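See below for the structure under consideration.
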Amino acid sequence: MHPLRRHQLAIPSTAGWRDILAADWDDELRDALVHWAAHGLPLVVTRQRVPRRHATAPVSLGLCLPERWRRRLVALQLPWHRIALFSEFPTLAQALCELPRTDHPALRTAAAELGARGLRARVYGSVGWQCLTGLRYVHERSDLDLWVAVDGEREADEAAAVLDRCMAPTLRVDGELVFTDGMATAWREWRHWRAGRCSSLLVKRLDGADLLQRVPPVADQRALACAA
C-alpha cells in the first residue's frame, strides 16, 4: 500500500470518478464533482475511518469546495485501485502568484531560509486549493496555511523558528509540522511546547488525535515524589 499522510492529494482514476458520480449526491454536489472529474482535479487524504493495516480498507478522501458551491465539505471513500496517483499541494514559491505582492519579500525570505536547511513549505487550505483549481477560495480573512515535512525535533525547531520570523504584512502564517512517522502538530503550538510554555501538545495522525503530555524534569519529579 502507498503510505498516506496529512495534506496528501489523491487523483481518482476514470473508474474512480465513475464510482464517485454514481453515488446519490444532491444536485449542487453533483455539479461540483462533475467539474472536479472533468478537470482531473484532486481530492485530499483525510482522517482514515479504517486502520491502514487492512490492505483492503478504502482510502478516506475529502474535498473543500469554493464559494461557488458554498464552501461545502465532501467526504467520500475509494478503493486503493481506484486511485490513479498521489500528489502534493504546491510549494510556497509556486503559490506566490495567488498572494498579495506586499507579502512576497517576507515569504520569499522564509522559503529561502527553509531551503537553506533542506526544508520546503507547501501551501494548503484556501490558498492551496485556489492554486490547484483556479477557482476562488481566498478571501479577506484567509490565513496562509503552510505545512513543512520535518525529520525529528531539530528540524521541527528550525522550521518553526523560520515561520515565526516570517512577518508578512497582510497575511497570518499558520500551519503544521508533519513528522516522518505521520505525526503532525501546529508549528506555533510546537514552539510553545518546546519553550515550556504549555504542558500538553495536540498531535494529529491519520487515525486520530492525542494530547502529548509534558514529562517534568527529573528534579521536579523528585520534588513531587517527596511531596507525596
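Ordering of the C-alpha cells sets the chain letters (A, B, ...); residue numbers start at 1 within each chain; ligands are numbered from 1 in the order shown.
Excluding region 190-202 of chain A and any residue on its chain fewer than 6 positions from it, the residues at most 8 Å away by only C-alpha atoms are A:Asp157, A:Ala160, A:Ala161, A:Ala209, A:Asp210, A:Leu211, A:Leu212, A:Gln213, A:Arg214.
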Restricted to C-alpha atoms, what would the selected residues look like written as a tab-separated table (two decimals), in the first residue's frame?
chain	number	residue	atom	x	y	z
A	157	ASP	CA	12.58	23.63	15.84
A	160	ALA	CA	9.02	26.67	13.43
A	161	ALA	CA	11.62	29.37	14.11
A	209	ALA	CA	-5.52	12.84	17.58
A	210	ASP	CA	-3.90	12.76	21.03
A	211	LEU	CA	-2.60	15.13	23.67
A	212	LEU	CA	1.08	14.63	24.34
A	213	GLN	CA	1.76	15.42	28.00
A	214	ARG	CA	4.99	17.03	29.09
Write out as a ChimeraX atom specification each polymer residue whose atoms come within 12 Å of Asp143 (chain A), counting only C-alpha atoms; drop sequence neighbours fewer than 6 positions from it. /A:99-100,123-128,137,168,170-175
Considering only C-alpha atoms, return as a PyMOL selection string whatever protein or nucleic-acid residues lie within 9 Å of region 62-71 of chain A, sequence-local ones (same chain, fewer than 6 positions apart) excluded. chain A and resi 28-29+31-32+42-46+77+125-126+129-130+135-138
Enumerate as a VMD selection string all residues of region 16-196 of chain A assigned to strand (DSSP E) by DSSP on the backbone, naming them with the chain letters and numbers the document uses. chain A and resid 43 to 45 59 to 64 73 to 78 83 to 88 121 to 124 144 to 150 173 to 179 184 to 186
Of the residues A:His104, A:Arg122, A:Arg18, A:Arg154, which is the one nearest to Pro90 (chain A), using only C-alpha atoms? A:Arg122
In terms of only C-alpha atoms, the residue from A:Ala186, A:Leu33, A:Leu132, A:Ala116 at minimal distance from Glu158 (chain A) is A:Ala116
Which of region 150-192 of chain A fall in helix (DSSP H, G or I), as a PyMOL selection string: chain A and resi 153-165+187-192
Output file for the residues above (N, CA and C atoms, as a PDB file, in the first residue's frame):
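As written to disk, again-v2.pdb reads:
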ATOM      1  N   GLU A 153      13.156  16.469  16.004  1.00  0.00           N
ATOM      2  CA  GLU A 153      12.950  17.686  16.773  1.00  0.00           C
ATOM      3  C   GLU A 153      13.777  18.858  16.266  1.00  0.00           C
ATOM      4  N   ARG A 154      15.034  18.587  15.861  1.00  0.00           N
ATOM      5  CA  ARG A 154      15.892  19.693  15.418  1.00  0.00           C
ATOM      6  C   ARG A 154      15.288  20.388  14.198  1.00  0.00           C
ATOM      7  N   GLU A 155      14.889  19.614  13.195  1.00  0.00           N
ATOM      8  CA  GLU A 155      14.295  20.225  12.015  1.00  0.00           C
ATOM      9  C   GLU A 155      12.978  20.912  12.343  1.00  0.00           C
ATOM     10  N   ALA A 156      12.203  20.320  13.259  1.00  0.00           N
ATOM     11  CA  ALA A 156      10.948  20.947  13.668  1.00  0.00           C
ATOM     12  C   ALA A 156      11.217  22.301  14.317  1.00  0.00           C
ATOM     13  N   ASP A 157      12.223  22.358  15.195  1.00  0.00           N
ATOM     14  CA  ASP A 157      12.580  23.625  15.839  1.00  0.00           C
ATOM     15  C   ASP A 157      13.003  24.666  14.808  1.00  0.00           C
ATOM     16  N   GLU A 158      13.817  24.247  13.840  1.00  0.00           N
ATOM     17  CA  GLU A 158      14.307  25.179  12.827  1.00  0.00           C
ATOM     18  C   GLU A 158      13.166  25.693  11.946  1.00  0.00           C
ATOM     19  N   ALA A 159      12.291  24.781  11.518  1.00  0.00           N
ATOM     20  CA  ALA A 159      11.173  25.191  10.667  1.00  0.00           C
ATOM     21  C   ALA A 159      10.247  26.142  11.406  1.00  0.00           C
ATOM     22  N   ALA A 160       9.920  25.816  12.649  1.00  0.00           N
ATOM     23  CA  ALA A 160       9.020  26.670  13.430  1.00  0.00           C
ATOM     24  C   ALA A 160       9.638  28.039  13.675  1.00  0.00           C
ATOM     25  N   ALA A 161      10.954  28.084  13.890  1.00  0.00           N
ATOM     26  CA  ALA A 161      11.621  29.372  14.113  1.00  0.00           C
ATOM     27  C   ALA A 161      11.562  30.239  12.856  1.00  0.00           C
ATOM     28  N   VAL A 162      11.775  29.629  11.691  1.00  0.00           N
ATOM     29  CA  VAL A 162      11.699  30.381  10.435  1.00  0.00           C
ATOM     30  C   VAL A 162      10.288  30.931  10.232  1.00  0.00           C
ATOM     31  N   LEU A 163       9.274  30.098  10.434  1.00  0.00           N
ATOM     32  CA  LEU A 163       7.898  30.542  10.247  1.00  0.00           C
ATOM     33  C   LEU A 163       7.526  31.622  11.259  1.00  0.00           C
ATOM     34  N   ASP A 164       8.063  31.524  12.452  1.00  0.00           N
ATOM     35  CA  ASP A 164       7.774  32.526  13.480  1.00  0.00           C
ATOM     36  C   ASP A 164       8.360  33.884  13.107  1.00  0.00           C
ATOM     37  N   ARG A 165       9.465  33.867  12.364  1.00  0.00           N
ATOM     38  CA  ARG A 165      10.117  35.129  11.953  1.00  0.00           C
ATOM     39  C   ARG A 165       9.480  35.730  10.702  1.00  0.00           C
ATOM     40  N   TRP A 187       2.653  24.452  14.121  1.00  0.00           N
ATOM     41  CA  TRP A 187       4.015  24.910  14.408  1.00  0.00           C
ATOM     42  C   TRP A 187       4.043  25.902  15.562  1.00  0.00           C
ATOM     43  N   ARG A 188       3.023  26.714  15.745  1.00  0.00           N
ATOM     44  CA  ARG A 188       3.009  27.642  16.885  1.00  0.00           C
ATOM     45  C   ARG A 188       2.927  26.876  18.203  1.00  0.00           C
ATOM     46  N   GLU A 189       2.076  25.848  18.233  1.00  0.00           N
ATOM     47  CA  GLU A 189       1.968  25.042  19.449  1.00  0.00           C
ATOM     48  C   GLU A 189       3.280  24.329  19.739  1.00  0.00           C
ATOM     49  N   TRP A 190       3.969  23.888  18.687  1.00  0.00           N
ATOM     50  CA  TRP A 190       5.281  23.246  18.883  1.00  0.00           C
ATOM     51  C   TRP A 190       6.264  24.223  19.528  1.00  0.00           C
ATOM     52  N   ARG A 191       6.269  25.476  19.083  1.00  0.00           N
ATOM     53  CA  ARG A 191       7.161  26.481  19.660  1.00  0.00           C
ATOM     54  C   ARG A 191       6.865  26.668  21.149  1.00  0.00           C
ATOM     55  N   HIS A 192       5.591  26.763  21.502  1.00  0.00           N
ATOM     56  CA  HIS A 192       5.220  26.932  22.908  1.00  0.00           C
ATOM     57  C   HIS A 192       5.615  25.702  23.720  1.00  0.00           C
TER      58      HIS A 192
END
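Distances here use only C-alpha atoms; by that measure, the residue among A:Leu144, A:Leu92, A:Ile83, A:Leu61 closest to Arg5 (chain A) is A:Leu61.
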Can you pull out the residues contacting Trp80 (chain A)? Cut-off 8 Å, using only C-alpha atoms, and skip same-chain residues under 6 positions away; I want them as an MDAnalysis selection string. chainID A and resid 1 56:59
Which residues are close to Asp19 (chain A), i.e. within 10 Å by only C-alpha atoms, leaving aside same-chain residues fewer than 6 positions away? Reply as a PDB file with N, CA and C atoms, in the first residue's frame.
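Okay, this is what ended up in out_36.pdb:
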ATOM      1  N   PRO A  12      -8.323  10.451  -8.420  1.00  0.00           N
ATOM      2  CA  PRO A  12      -9.023   9.226  -8.798  1.00  0.00           C
ATOM      3  C   PRO A  12      -8.782   8.857 -10.265  1.00  0.00           C
ATOM      4  N   SER A  13      -8.849   7.572 -10.544  1.00  0.00           N
ATOM      5  CA  SER A  13      -8.811   7.111 -11.923  1.00  0.00           C
ATOM      6  C   SER A  13     -10.151   7.407 -12.591  1.00  0.00           C
ATOM      7  N   GLN A  77     -15.052   7.829   0.039  1.00  0.00           N
ATOM      8  CA  GLN A  77     -14.054   6.775   0.123  1.00  0.00           C
ATOM      9  C   GLN A  77     -13.874   6.133  -1.242  1.00  0.00           C
ATOM     10  N   LEU A  78     -12.646   5.685  -1.497  1.00  0.00           N
ATOM     11  CA  LEU A  78     -12.350   4.960  -2.725  1.00  0.00           C
ATOM     12  C   LEU A  78     -11.436   3.786  -2.420  1.00  0.00           C
ATOM     13  N   ARG A  82      -8.745   2.361  -7.253  1.00  0.00           N
ATOM     14  CA  ARG A  82      -9.470   3.403  -7.966  1.00  0.00           C
ATOM     15  C   ARG A  82      -8.757   4.754  -7.869  1.00  0.00           C
TER      16      ARG A  82
END
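CA of Val150 (chain A) sits 13.0 Å away from CA of Arg6 (chain A).
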Write out as a VMD selection string each polymer residue whose atoms come within 10 Å of Leu4 (chain A), counting only C-alpha atoms; drop sequence neighbours fewer than 4 positions from it. chain A and resid 8 to 10 45 to 46 48 52 59 86 182 206
